[in-house]
>>> print(open('run-v7.pdb').read())   # PDB, C-alpha atoms, pLDDT in the B column
MODEL        1
ATOM      1  CA  MET A 537       0.000   0.000   0.000  1.00 66.00           C
ATOM      2  CA  LYS A 538       2.817   2.353   1.031  1.00 71.00           C
ATOM      3  CA  LEU A 539       4.595   1.542  -2.183  1.00 66.00           C
ATOM      4  CA  LEU A 540       1.496   2.383  -4.222  1.00 68.00           C
ATOM      5  CA  LEU A 541       1.047   5.706  -2.389  1.00 70.00           C
ATOM      6  CA  SER A 542       4.689   6.582  -2.931  1.00 75.00           C
ATOM      7  CA  ALA A 543       4.434   5.732  -6.637  1.00 70.00           C
ATOM      8  CA  GLY A 544       1.250   7.825  -6.856  1.00 72.00           C
ATOM      9  CA  ASN A 545       2.982  10.806  -5.218  1.00 76.00           C
ATOM     10  CA  SER A 546       5.954  10.518  -7.529  1.00 72.00           C
ATOM     11  CA  LEU A 547       3.689  10.403 -10.546  1.00 68.00           C
ATOM     12  CA  ASN A 548       1.792  13.434  -9.259  1.00 77.00           C
ATOM     13  CA  LEU A 549       5.074  15.286  -8.780  1.00 71.00           C
ATOM     14  CA  VAL A 550       6.225  14.470 -12.310  1.00 66.00           C
ATOM     15  CA  PHE A 551       2.822  15.451 -13.714  1.00 67.00           C
ATOM     16  CA  ASN A 552       2.902  18.800 -11.894  1.00 76.00           C
ATOM     17  CA  LEU A 553       6.433  19.513 -13.060  1.00 68.00           C
ATOM     18  CA  PHE A 554       5.400  18.721 -16.637  1.00 64.00           C
ATOM     19  CA  ARG A 555       2.366  21.012 -16.372  1.00 70.00           C
ATOM     20  CA  LYS A 556       4.554  23.802 -14.977  1.00 71.00           C
ATOM     21  CA  MET A 557       7.004  23.354 -17.851  1.00 64.00           C
ATOM     22  CA  LEU A 558       4.201  23.483 -20.439  1.00 62.00           C
ATOM     23  CA  ARG A 559       2.757  26.622 -18.840  1.00 67.00           C
ATOM     24  CA  LYS A 560       6.190  28.268 -18.837  1.00 62.00           C
ATOM     25  CA  ASN A 561       6.808  27.379 -22.509  1.00 59.00           C
ATOM     26  CA  LYS A 562       3.390  28.639 -23.504  1.00 59.00           C
ATOM     27  CA  LYS A 563       3.932  31.882 -21.615  1.00 58.00           C
ATOM     28  CA  GLU A 564       7.379  32.433 -23.108  1.00 55.00           C
ATOM     29  CA  GLY A 565       6.190  31.456 -26.593  1.00 53.00           C
ATOM     30  CA  LYS A 566       3.380  33.982 -26.478  1.00 47.00           C
ATOM     31  CA  LYS A 567       5.737  36.631 -25.187  1.00 43.00           C
ATOM     32  CA  LYS A 568       8.137  35.944 -28.048  1.00 48.00           C
ATOM     33  CA  ILE A 569       5.421  36.324 -30.702  1.00 47.00           C
ATOM     34  CA  ASP A 570       3.858  39.415 -29.150  1.00 47.00           C
ATOM     35  CA  LYS A 571       7.251  41.050 -28.764  1.00 67.00           C
ATOM     36  CA  VAL A 572       7.744  41.257 -32.534  1.00 79.00           C
ATOM     37  CA  SER A 573       5.772  44.152 -33.971  1.00 88.00           C
ATOM     38  CA  ALA A 574       5.229  44.962 -37.648  1.00 89.00           C
ATOM     39  CA  SER A 575       8.025  47.493 -37.322  1.00 89.00           C
ATOM     40  CA  ASN A 576      10.352  44.796 -35.931  1.00 88.00           C
ATOM     41  CA  ARG A 577       9.410  42.452 -38.747  1.00 88.00           C
ATOM     42  CA  PHE A 578      10.138  45.194 -41.276  1.00 89.00           C
ATOM     43  CA  GLU A 579      13.574  45.684 -39.704  1.00 88.00           C
ATOM     44  CA  LEU A 580      14.225  41.940 -39.678  1.00 86.00           C
ATOM     45  CA  TYR A 581      13.238  41.770 -43.331  1.00 87.00           C
ATOM     46  CA  ASP A 582      15.469  44.711 -44.141  1.00 86.00           C
ATOM     47  CA  LYS A 583      18.505  43.210 -42.404  1.00 88.00           C
ATOM     48  CA  ASP A 584      18.032  39.570 -43.363  1.00 89.00           C
ATOM     49  CA  PRO A 585      21.199  38.553 -45.293  1.00 91.00           C
ATOM     50  CA  PHE A 586      19.084  36.313 -47.523  1.00 90.00           C
ATOM     51  CA  PHE A 587      16.958  39.221 -48.720  1.00 91.00           C
ATOM     52  CA  LEU A 588      19.908  41.624 -48.876  1.00 92.00           C
ATOM     53  CA  LYS A 589      21.544  39.136 -51.245  1.00 93.00           C
ATOM     54  CA  LYS A 590      18.350  39.020 -53.295  1.00 91.00           C
ATOM     55  CA  ASP A 591      18.338  42.834 -53.535  1.00 93.00           C
ATOM     56  CA  GLU A 592      21.942  42.683 -54.770  1.00 94.00           C
ATOM     57  CA  GLU A 593      20.974  40.044 -57.321  1.00 93.00           C
ATOM     58  CA  ALA A 594      18.097  42.253 -58.491  1.00 93.00           C
ATOM     59  CA  ILE A 595      20.524  45.184 -58.953  1.00 94.00           C
ATOM     60  CA  GLU A 596      22.960  43.022 -60.923  1.00 93.00           C
ATOM     61  CA  PHE A 597      20.130  41.679 -63.063  1.00 93.00           C
ATOM     62  CA  LEU A 598      18.616  45.104 -63.770  1.00 93.00           C
ATOM     63  CA  LYS A 599      21.988  46.703 -64.580  1.00 91.00           C
ATOM     64  CA  LYS A 600      22.194  44.431 -67.606  1.00 91.00           C
ATOM     65  CA  VAL A 601      18.734  45.348 -68.855  1.00 91.00           C
ATOM     66  CA  GLY A 602      18.147  48.153 -71.331  1.00 85.00           C
ATOM     67  CA  PHE A 603      15.391  50.570 -70.327  1.00 86.00           C
ATOM     68  CA  PRO A 604      13.212  52.875 -72.443  1.00 82.00           C
ATOM     69  CA  GLU A 605      13.724  56.656 -72.147  1.00 82.00           C
ATOM     70  CA  GLU A 606      10.444  57.090 -70.298  1.00 82.00           C
ATOM     71  CA  PHE A 607      11.926  55.212 -67.372  1.00 84.00           C
ATOM     72  CA  TYR A 608      14.273  58.125 -66.696  1.00 83.00           C
ATOM     73  CA  GLU A 609      11.515  60.755 -66.838  1.00 79.00           C
ATOM     74  CA  LYS A 610       9.940  61.939 -63.632  1.00 76.00           C
ATOM     75  CA  LYS A 611       6.177  62.110 -63.536  1.00 66.00           C
ATOM     76  CA  LYS A 612       4.631  65.463 -62.741  1.00 61.00           C
ATOM     77  CA  LYS A 613       3.029  65.455 -59.329  1.00 55.00           C
ATOM     78  CA  GLU A 614      -0.681  66.229 -59.489  1.00 51.00           C
TER      79      GLU A 614
ATOM     80  CA  MET B1370      -8.478  45.013 -58.454  1.00 46.00           C
ATOM     81  CA  GLU B1371     -11.787  43.250 -58.868  1.00 57.00           C
ATOM     82  CA  ALA B1372     -10.391  39.833 -58.010  1.00 73.00           C
ATOM     83  CA  GLU B1373     -11.024  38.703 -54.450  1.00 89.00           C
ATOM     84  CA  GLN B1374      -8.289  39.880 -52.119  1.00 92.00           C
ATOM     85  CA  TYR B1375      -7.393  40.045 -48.445  1.00 95.00           C
ATOM     86  CA  GLU B1376      -7.550  43.179 -46.355  1.00 94.00           C
ATOM     87  CA  PHE B1377      -4.051  44.414 -45.690  1.00 94.00           C
ATOM     88  CA  LEU B1378      -2.299  46.889 -43.451  1.00 93.00           C
ATOM     89  CA  PRO B1379       0.383  49.282 -44.681  1.00 93.00           C
ATOM     90  CA  PHE B1380       3.362  50.134 -42.465  1.00 91.00           C
ATOM     91  CA  GLU B1381       6.591  52.090 -42.753  1.00 86.00           C
ATOM     92  CA  SER B1382       5.231  54.731 -45.172  1.00 86.00           C
ATOM     93  CA  LEU B1383       3.851  52.052 -47.510  1.00 91.00           C
ATOM     94  CA  PHE B1384       7.184  50.261 -47.928  1.00 93.00           C
ATOM     95  CA  TYR B1385       5.809  47.326 -46.021  1.00 94.00           C
ATOM     96  CA  PHE B1386       2.399  45.597 -45.953  1.00 95.00           C
ATOM     97  CA  GLU B1387       0.970  42.748 -43.935  1.00 95.00           C
ATOM     98  CA  PHE B1388      -2.087  40.583 -44.353  1.00 96.00           C
ATOM     99  CA  TYR B1389      -3.343  37.155 -43.316  1.00 96.00           C
ATOM    100  CA  SER B1390      -3.941  34.194 -45.578  1.00 95.00           C
ATOM    101  CA  ASP B1391      -6.862  32.119 -44.319  1.00 95.00           C
ATOM    102  CA  GLY B1392      -7.351  28.546 -45.471  1.00 94.00           C
ATOM    103  CA  PRO B1393      -7.179  24.879 -44.574  1.00 94.00           C
ATOM    104  CA  LYS B1394      -3.628  25.284 -43.207  1.00 90.00           C
ATOM    105  CA  GLY B1395      -4.737  28.007 -40.830  1.00 92.00           C
ATOM    106  CA  ARG B1396      -4.099  31.735 -40.538  1.00 93.00           C
ATOM    107  CA  ILE B1397      -0.729  32.717 -41.959  1.00 94.00           C
ATOM    108  CA  LYS B1398       0.789  36.168 -41.812  1.00 94.00           C
ATOM    109  CA  LYS B1399       1.990  37.364 -45.213  1.00 94.00           C
ATOM    110  CA  ILE B1400       4.422  40.164 -45.748  1.00 93.00           C
ATOM    111  CA  VAL B1401       5.001  42.405 -48.779  1.00 94.00           C
ATOM    112  CA  ARG B1402       8.047  44.648 -48.962  1.00 93.00           C
ATOM    113  CA  PHE B1403       9.165  47.322 -51.432  1.00 95.00           C
ATOM    114  CA  LYS B1404      12.901  47.950 -51.171  1.00 94.00           C
ATOM    115  CA  LEU B1405      14.545  50.831 -53.006  1.00 94.00           C
ATOM    116  CA  ILE B1406      17.468  49.463 -54.973  1.00 93.00           C
ATOM    117  CA  ASP B1407      20.361  51.341 -56.465  1.00 85.00           C
ATOM    118  CA  ILE B1408      19.794  51.716 -60.196  1.00 87.00           C
ATOM    119  CA  VAL B1409      21.201  55.060 -61.380  1.00 83.00           C
ATOM    120  CA  GLY B1410      18.615  57.644 -62.354  1.00 81.00           C
ATOM    121  CA  MET B1411      15.578  55.557 -61.581  1.00 88.00           C
ATOM    122  CA  ASP B1412      13.398  54.799 -58.584  1.00 90.00           C
ATOM    123  CA  PHE B1413      13.521  51.035 -58.695  1.00 94.00           C
ATOM    124  CA  TYR B1414      11.962  48.964 -55.953  1.00 96.00           C
ATOM    125  CA  ASN B1415      12.476  45.278 -55.436  1.00 95.00           C
ATOM    126  CA  LEU B1416       9.187  43.642 -54.546  1.00 93.00           C
ATOM    127  CA  SER B1417       9.414  40.664 -52.293  1.00 88.00           C
ATOM    128  CA  PHE B1418       6.892  38.809 -50.244  1.00 87.00           C
ATOM    129  CA  GLY B1419       6.751  35.805 -48.014  1.00 89.00           C
ATOM    130  CA  ASP B1420       5.361  34.227 -44.874  1.00 92.00           C
ATOM    131  CA  TRP B1421       6.216  35.349 -41.373  1.00 90.00           C
ATOM    132  CA  ASP B1422       7.733  32.322 -39.620  1.00 87.00           C
ATOM    133  CA  GLN B1423       6.849  33.098 -36.012  1.00 83.00           C
ATOM    134  CA  TYR B1424       8.892  30.265 -34.517  1.00 83.00           C
ATOM    135  CA  ASN B1425      12.138  31.159 -36.252  1.00 82.00           C
ATOM    136  CA  GLN B1426      11.320  34.877 -36.219  1.00 82.00           C
ATOM    137  CA  ARG B1427      12.133  35.379 -39.866  1.00 82.00           C
ATOM    138  CA  ILE B1428      10.509  35.830 -43.273  1.00 85.00           C
ATOM    139  CA  ASP B1429      10.345  32.814 -45.530  1.00 88.00           C
ATOM    140  CA  ASP B1430       9.793  33.363 -49.263  1.00 85.00           C
ATOM    141  CA  LEU B1431      10.369  29.745 -50.262  1.00 83.00           C
ATOM    142  CA  VAL B1432       7.702  28.110 -48.164  1.00 85.00           C
ATOM    143  CA  VAL B1433       4.804  26.423 -49.956  1.00 84.00           C
ATOM    144  CA  THR B1434       1.790  27.086 -47.764  1.00 83.00           C
ATOM    145  CA  ASN B1435      -0.883  25.254 -49.779  1.00 86.00           C
ATOM    146  CA  ASN B1436      -3.636  27.345 -48.249  1.00 91.00           C
ATOM    147  CA  ASN B1437      -5.701  27.113 -51.460  1.00 91.00           C
ATOM    148  CA  ASP B1438      -5.689  30.888 -51.911  1.00 92.00           C
ATOM    149  CA  THR B1439      -2.705  31.664 -54.170  1.00 87.00           C
ATOM    150  CA  GLU B1440      -4.741  33.796 -56.566  1.00 87.00           C
ATOM    151  CA  LYS B1441      -6.257  35.753 -53.701  1.00 91.00           C
ATOM    152  CA  ILE B1442      -2.768  36.306 -52.252  1.00 91.00           C
ATOM    153  CA  LEU B1443      -1.392  37.536 -55.576  1.00 87.00           C
ATOM    154  CA  ALA B1444      -4.420  39.809 -56.054  1.00 89.00           C
ATOM    155  CA  THR B1445      -3.627  41.280 -52.620  1.00 92.00           C
ATOM    156  CA  VAL B1446       0.019  41.793 -53.582  1.00 91.00           C
ATOM    157  CA  ALA B1447      -1.136  43.468 -56.827  1.00 90.00           C
ATOM    158  CA  ALA B1448      -3.424  45.765 -54.802  1.00 91.00           C
ATOM    159  CA  ALA B1449      -0.426  46.682 -52.629  1.00 93.00           C
ATOM    160  CA  VAL B1450       1.549  47.507 -55.809  1.00 93.00           C
ATOM    161  CA  ILE B1451      -1.289  49.765 -57.006  1.00 92.00           C
ATOM    162  CA  ILE B1452      -1.389  51.639 -53.697  1.00 94.00           C
ATOM    163  CA  PHE B1453       2.403  51.887 -53.558  1.00 95.00           C
ATOM    164  CA  THR B1454       2.703  53.280 -57.108  1.00 95.00           C
ATOM    165  CA  GLU B1455      -0.124  55.702 -56.432  1.00 94.00           C
ATOM    166  CA  ARG B1456       1.939  57.130 -53.568  1.00 94.00           C
ATOM    167  CA  PHE B1457       5.224  56.903 -55.512  1.00 94.00           C
ATOM    168  CA  PRO B1458       4.270  57.492 -59.183  1.00 93.00           C
ATOM    169  CA  ASP B1459       7.901  57.356 -60.358  1.00 92.00           C
ATOM    170  CA  ALA B1460       8.438  53.948 -58.810  1.00 94.00           C
ATOM    171  CA  LYS B1461       9.363  51.030 -61.001  1.00 95.00           C
ATOM    172  CA  VAL B1462       8.539  47.819 -59.212  1.00 95.00           C
ATOM    173  CA  TYR B1463      10.687  44.830 -60.031  1.00 95.00           C
ATOM    174  CA  ALA B1464       9.340  41.359 -59.318  1.00 94.00           C
ATOM    175  CA  LYS B1465      10.874  37.979 -59.814  1.00 92.00           C
ATOM    176  CA  GLY B1466       9.647  34.748 -58.274  1.00 89.00           C
ATOM    177  CA  SER B1467      11.850  32.993 -55.733  1.00 85.00           C
ATOM    178  CA  THR B1468      11.816  30.033 -58.139  1.00 88.00           C
ATOM    179  CA  ALA B1469      11.332  29.739 -61.914  1.00 89.00           C
ATOM    180  CA  ALA B1470       7.980  28.051 -61.285  1.00 87.00           C
ATOM    181  CA  ARG B1471       6.829  31.009 -59.204  1.00 86.00           C
ATOM    182  CA  THR B1472       7.909  33.499 -61.867  1.00 91.00           C
ATOM    183  CA  ARG B1473       5.901  31.479 -64.373  1.00 89.00           C
ATOM    184  CA  PHE B1474       2.943  31.501 -62.032  1.00 84.00           C
ATOM    185  CA  TYR B1475       3.136  35.314 -61.650  1.00 86.00           C
ATOM    186  CA  GLN B1476       3.049  35.493 -65.430  1.00 91.00           C
ATOM    187  CA  ILE B1477      -0.153  33.441 -65.566  1.00 87.00           C
ATOM    188  CA  ILE B1478      -1.781  35.619 -62.903  1.00 83.00           C
ATOM    189  CA  ILE B1479      -0.731  38.863 -64.651  1.00 87.00           C
ATOM    190  CA  ALA B1480      -2.021  37.523 -67.966  1.00 88.00           C
ATOM    191  CA  SER B1481      -5.360  36.498 -66.524  1.00 83.00           C
ATOM    192  CA  ASN B1482      -5.814  39.881 -64.786  1.00 81.00           C
ATOM    193  CA  LEU B1483      -4.406  42.109 -67.533  1.00 85.00           C
ATOM    194  CA  VAL B1484      -7.784  43.695 -68.296  1.00 83.00           C
ATOM    195  CA  ILE B1485      -7.969  44.931 -64.697  1.00 82.00           C
ATOM    196  CA  ILE B1486      -4.286  45.902 -64.354  1.00 87.00           C
ATOM    197  CA  ASP B1487      -3.843  47.541 -67.755  1.00 89.00           C
ATOM    198  CA  PRO B1488      -5.749  50.807 -67.158  1.00 92.00           C
ATOM    199  CA  ILE B1489      -3.631  51.542 -64.057  1.00 93.00           C
ATOM    200  CA  LEU B1490      -0.208  50.004 -64.550  1.00 94.00           C
ATOM    201  CA  LYS B1491       2.244  49.413 -67.349  1.00 94.00           C
ATOM    202  CA  VAL B1492       3.526  45.877 -67.156  1.00 95.00           C
ATOM    203  CA  TYR B1493       6.829  44.865 -68.722  1.00 95.00           C
ATOM    204  CA  GLY B1494       8.504  41.521 -68.954  1.00 95.00           C
ATOM    205  CA  VAL B1495      12.268  41.015 -69.035  1.00 94.00           C
ATOM    206  CA  LEU B1496      13.422  38.643 -71.706  1.00 93.00           C
ATOM    207  CA  ASN B1497      17.005  38.199 -72.950  1.00 91.00           C
ATOM    208  CA  LYS B1498      18.144  41.311 -71.041  1.00 88.00           C
ATOM    209  CA  LYS B1499      15.512  43.464 -72.705  1.00 90.00           C
ATOM    210  CA  LEU B1500      12.460  45.069 -71.264  1.00 92.00           C
ATOM    211  CA  ARG B1501       9.389  44.365 -73.364  1.00 92.00           C
ATOM    212  CA  CYS B1502       5.733  45.227 -73.033  1.00 93.00           C
ATOM    213  CA  PHE B1503       4.022  42.317 -71.373  1.00 94.00           C
ATOM    214  CA  LYS B1504       2.346  39.892 -73.748  1.00 93.00           C
ATOM    215  CA  LYS B1505       0.423  36.772 -72.978  1.00 91.00           C
ATOM    216  CA  ASN B1506       2.021  33.385 -73.627  1.00 89.00           C
ATOM    217  CA  VAL B1507       5.598  34.657 -73.395  1.00 92.00           C
ATOM    218  CA  ASN B1508       7.861  33.265 -70.674  1.00 93.00           C
ATOM    219  CA  TYR B1509       9.621  36.192 -68.999  1.00 95.00           C
ATOM    220  CA  GLU B1510      12.524  36.072 -66.556  1.00 94.00           C
ATOM    221  CA  ALA B1511      11.149  38.874 -64.397  1.00 95.00           C
ATOM    222  CA  PHE B1512       8.605  41.685 -64.430  1.00 95.00           C
ATOM    223  CA  VAL B1513       8.679  45.449 -64.044  1.00 95.00           C
ATOM    224  CA  VAL B1514       5.582  47.449 -63.283  1.00 94.00           C
ATOM    225  CA  SER B1515       5.137  51.210 -63.390  1.00 94.00           C
ATOM    226  CA  ARG B1516       2.261  53.629 -63.058  1.00 93.00           C
ATOM    227  CA  LYS B1517       0.612  54.837 -66.268  1.00 90.00           C
TER     228      LYS B1517
ENDMDL
END
>>> encode(input="run-v7.pdb", output="C-alpha cells")
Amino acid sequence: MKLLLSAGNSLNLVFNLFRKMLRKNKKEGKKKIDKVSASNRFELYDKDPFFLKKDEEAIEFLKKVGFPEEFYEKKKKE
Amino acid sequence: MEAEQYEFLPFESLFYFEFYSDGPKGRIKKIVRFKLIDIVGMDFYNLSFGDWDQYNQRIDDLVVTNNNDTEKILATVAAAVIIFTERFPDAKVYAKGSTAARTRFYQIIIASNLVIIDPILKVYGVLNKKLRCFKKNVNYEAFVVSRK
C-alpha cells in the first residue's frame, strides 16, 4: 500500500512539473510572438542577409537590362 | 483590383504591408516589402513577399503554404503595388519569383488579370536582357511594373 502511495505521489510530482514546464513554454512562446511588432518584422526583413543578397541580385540583373527613355523621366506630381 | 483579395495593413510609409492568408492550413501572416534598390537615375523597388515564420522569427519566401488561396494572395500583392505606385508614381517595381515556377505563375496571374491591371499600370517583362511590353504566352525572366 505504502509503495502504491509513494508511486502515486511521484507520478503526481512528475505530472505537476510537466504542467509547470508546459505553462512556462506557452507563456514564453506567447511573449516571443507578441514582442515582434510589424516594425520589428520590417527591420528583420530589411537586415536579413538572404533578402539583402536578393536585392543585390536584383541590382545586378537590372543593370544588364536596357530601359526605355520614359523610365528616366519623372512624372509630374498632381 | 476586382479579383477577391485580403484586407491588408500598410506600415513604414507604404514600404511594407501585412495581411493574413486564411485557409485549410490556418491563418498565416503574409508580408510584402518594397525595397529601393540602387539603379542610377531611376526609382527602382524590389518587390518581395513571403510568410512570417513566427517560430524562427524570420521571413520565408520559399515556403509552400498550400492554403488554397494563391490567386487571392497575388491579387492582394497586386493591390499593394497599385497603392504603392499611387503614392510613388515614379516607382518602377521589379518582381521575380523565388523560383522559376513562381515566376511562371506570376506570369499566368498577370495575364489572366491584364484587363484589370492595364488601365492603371504598365507591365513589362524582361526577356534576354531586354524590357518588353508584357504579352500573354511569353515566358519572362522577371517583371517590371510602373504607373501609367
>>> closest_atom_pairs(input="run-v7.pdb", of="chain B", to="chain A", cutoff="6 Å", atoms="only C-alpha atoms", output="tab-separated table")
residue	atom	partner	partner_atom	distance
B:Met1411	CA	A:Tyr608	CA	5.9
B:Asp1459	CA	A:Lys611	CA	6.0
B:Lys1498	CA	A:Val601	CA	4.6
B:Lys1499	CA	A:Val601	CA	5.4
>>> atom_distance(input="run-v7.pdb", atom1="CA of Ala1464 in chain B", atom2="CA of Ala1511 in chain B")
5.9 Å
>>> residues_near_point(input="run-v7.pdb", point="(2.5, 55.1, -57.5)", cutoff="12 Å", atoms="only C-alpha atoms", output="number ranges by chain")
A: 610-614; B: 1383-1384, 1403, 1412-1414, 1448-1462, 1489-1491, 1514-1517
>>> resolve_selection(input="run-v7.pdb", expression="the PyMOL selection byres ((chain B and resi 1445) around 9)", output="PyMOL selection string")
chain B and resi 1370+1372-1377+1388+1440-1444+1446-1450
>>> atom_distance(input="run-v7.pdb", atom1="CA of Glu593 in chain A", atom2="CA of Phe1380 in chain B")
25.2 Å
>>> build_atoms(input="run-v7.pdb", residues="range 585-609 of chain A", atoms="N, CA and C atoms", output="mmCIF file, keeping the file's coordinate frame")
data_model
loop_
_atom_site.group_PDB
_atom_site.id
_atom_site.type_symbol
_atom_site.label_atom_id
_atom_site.label_comp_id
_atom_site.auth_asym_id
_atom_site.auth_seq_id
_atom_site.Cartn_x
_atom_site.Cartn_y
_atom_site.Cartn_z
ATOM 1 N N PRO A 585 20.169 38.724 -44.244
ATOM 2 C CA PRO A 585 21.199 38.553 -45.293
ATOM 3 C C PRO A 585 20.659 37.886 -46.556
ATOM 4 N N PHE A 586 19.682 37.003 -46.377
ATOM 5 C CA PHE A 586 19.084 36.313 -47.523
ATOM 6 C C PHE A 586 18.409 37.313 -48.469
ATOM 7 N N PHE A 587 17.666 38.244 -47.883
ATOM 8 C CA PHE A 587 16.958 39.221 -48.720
ATOM 9 C C PHE A 587 17.888 40.330 -49.215
ATOM 10 N N LEU A 588 18.912 40.638 -48.422
ATOM 11 C CA LEU A 588 19.908 41.624 -48.876
ATOM 12 C C LEU A 588 20.613 41.087 -50.126
ATOM 13 N N LYS A 589 20.896 39.776 -50.094
ATOM 14 C CA LYS A 589 21.544 39.136 -51.245
ATOM 15 C C LYS A 589 20.601 39.184 -52.457
ATOM 16 N N LYS A 590 19.324 38.980 -52.193
ATOM 17 C CA LYS A 590 18.350 39.020 -53.295
ATOM 18 C C LYS A 590 18.246 40.425 -53.892
ATOM 19 N N ASP A 591 18.353 41.456 -53.037
ATOM 20 C CA ASP A 591 18.338 42.834 -53.535
ATOM 21 C C ASP A 591 19.556 43.075 -54.433
ATOM 22 N N GLU A 592 20.711 42.550 -53.978
ATOM 23 C CA GLU A 592 21.942 42.683 -54.770
ATOM 24 C C GLU A 592 21.791 41.978 -56.121
ATOM 25 N N GLU A 593 21.197 40.805 -56.079
ATOM 26 C CA GLU A 593 20.974 40.044 -57.321
ATOM 27 C C GLU A 593 20.049 40.809 -58.269
ATOM 28 N N ALA A 594 19.037 41.459 -57.683
ATOM 29 C CA ALA A 594 18.097 42.253 -58.491
ATOM 30 C C ALA A 594 18.838 43.406 -59.163
ATOM 31 N N ILE A 595 19.740 44.056 -58.403
ATOM 32 C CA ILE A 595 20.524 45.184 -58.953
ATOM 33 C C ILE A 595 21.391 44.684 -60.113
ATOM 34 N N GLU A 596 22.083 43.581 -59.881
ATOM 35 C CA GLU A 596 22.960 43.022 -60.923
ATOM 36 C C GLU A 596 22.155 42.664 -62.172
ATOM 37 N N PHE A 597 20.995 42.082 -61.946
ATOM 38 C CA PHE A 597 20.130 41.679 -63.063
ATOM 39 C C PHE A 597 19.654 42.907 -63.837
ATOM 40 N N LEU A 598 19.198 43.924 -63.114
ATOM 41 C CA LEU A 598 18.616 45.104 -63.770
ATOM 42 C C LEU A 598 19.672 45.962 -64.475
ATOM 43 N N LYS A 599 20.911 45.910 -63.953
ATOM 44 C CA LYS A 599 21.988 46.703 -64.580
ATOM 45 C C LYS A 599 22.265 46.235 -66.004
ATOM 46 N N LYS A 600 21.928 44.984 -66.273
ATOM 47 C CA LYS A 600 22.194 44.431 -67.606
ATOM 48 C C LYS A 600 21.025 44.644 -68.561
ATOM 49 N N VAL A 601 19.941 45.193 -68.029
ATOM 50 C CA VAL A 601 18.734 45.348 -68.855
ATOM 51 C C VAL A 601 18.677 46.757 -69.447
ATOM 52 N N GLY A 602 18.319 46.845 -70.697
ATOM 53 C CA GLY A 602 18.147 48.153 -71.331
ATOM 54 C C GLY A 602 16.752 48.697 -71.040
ATOM 55 N N PHE A 603 16.692 49.990 -70.678
ATOM 56 C CA PHE A 603 15.391 50.570 -70.327
ATOM 57 C C PHE A 603 14.971 51.640 -71.329
ATOM 58 N N PRO A 604 13.681 51.807 -71.551
ATOM 59 C CA PRO A 604 13.212 52.875 -72.443
ATOM 60 C C PRO A 604 13.424 54.250 -71.800
ATOM 61 N N GLU A 605 13.498 55.289 -72.619
ATOM 62 C CA GLU A 605 13.724 56.656 -72.147
ATOM 63 C C GLU A 605 12.740 57.067 -71.053
ATOM 64 N N GLU A 606 11.496 56.665 -71.244
ATOM 65 C CA GLU A 606 10.444 57.090 -70.298
ATOM 66 C C GLU A 606 10.743 56.660 -68.860
ATOM 67 N N PHE A 607 11.594 55.677 -68.713
ATOM 68 C CA PHE A 607 11.926 55.212 -67.372
ATOM 69 C C PHE A 607 12.760 56.243 -66.597
ATOM 70 N N TYR A 608 13.422 57.127 -67.344
ATOM 71 C CA TYR A 608 14.273 58.125 -66.696
ATOM 72 C C TYR A 608 13.508 59.430 -66.436
ATOM 73 N N GLU A 609 12.306 59.533 -67.025
ATOM 74 C CA GLU A 609 11.515 60.755 -66.838
ATOM 75 C C GLU A 609 10.772 60.690 -65.516
#
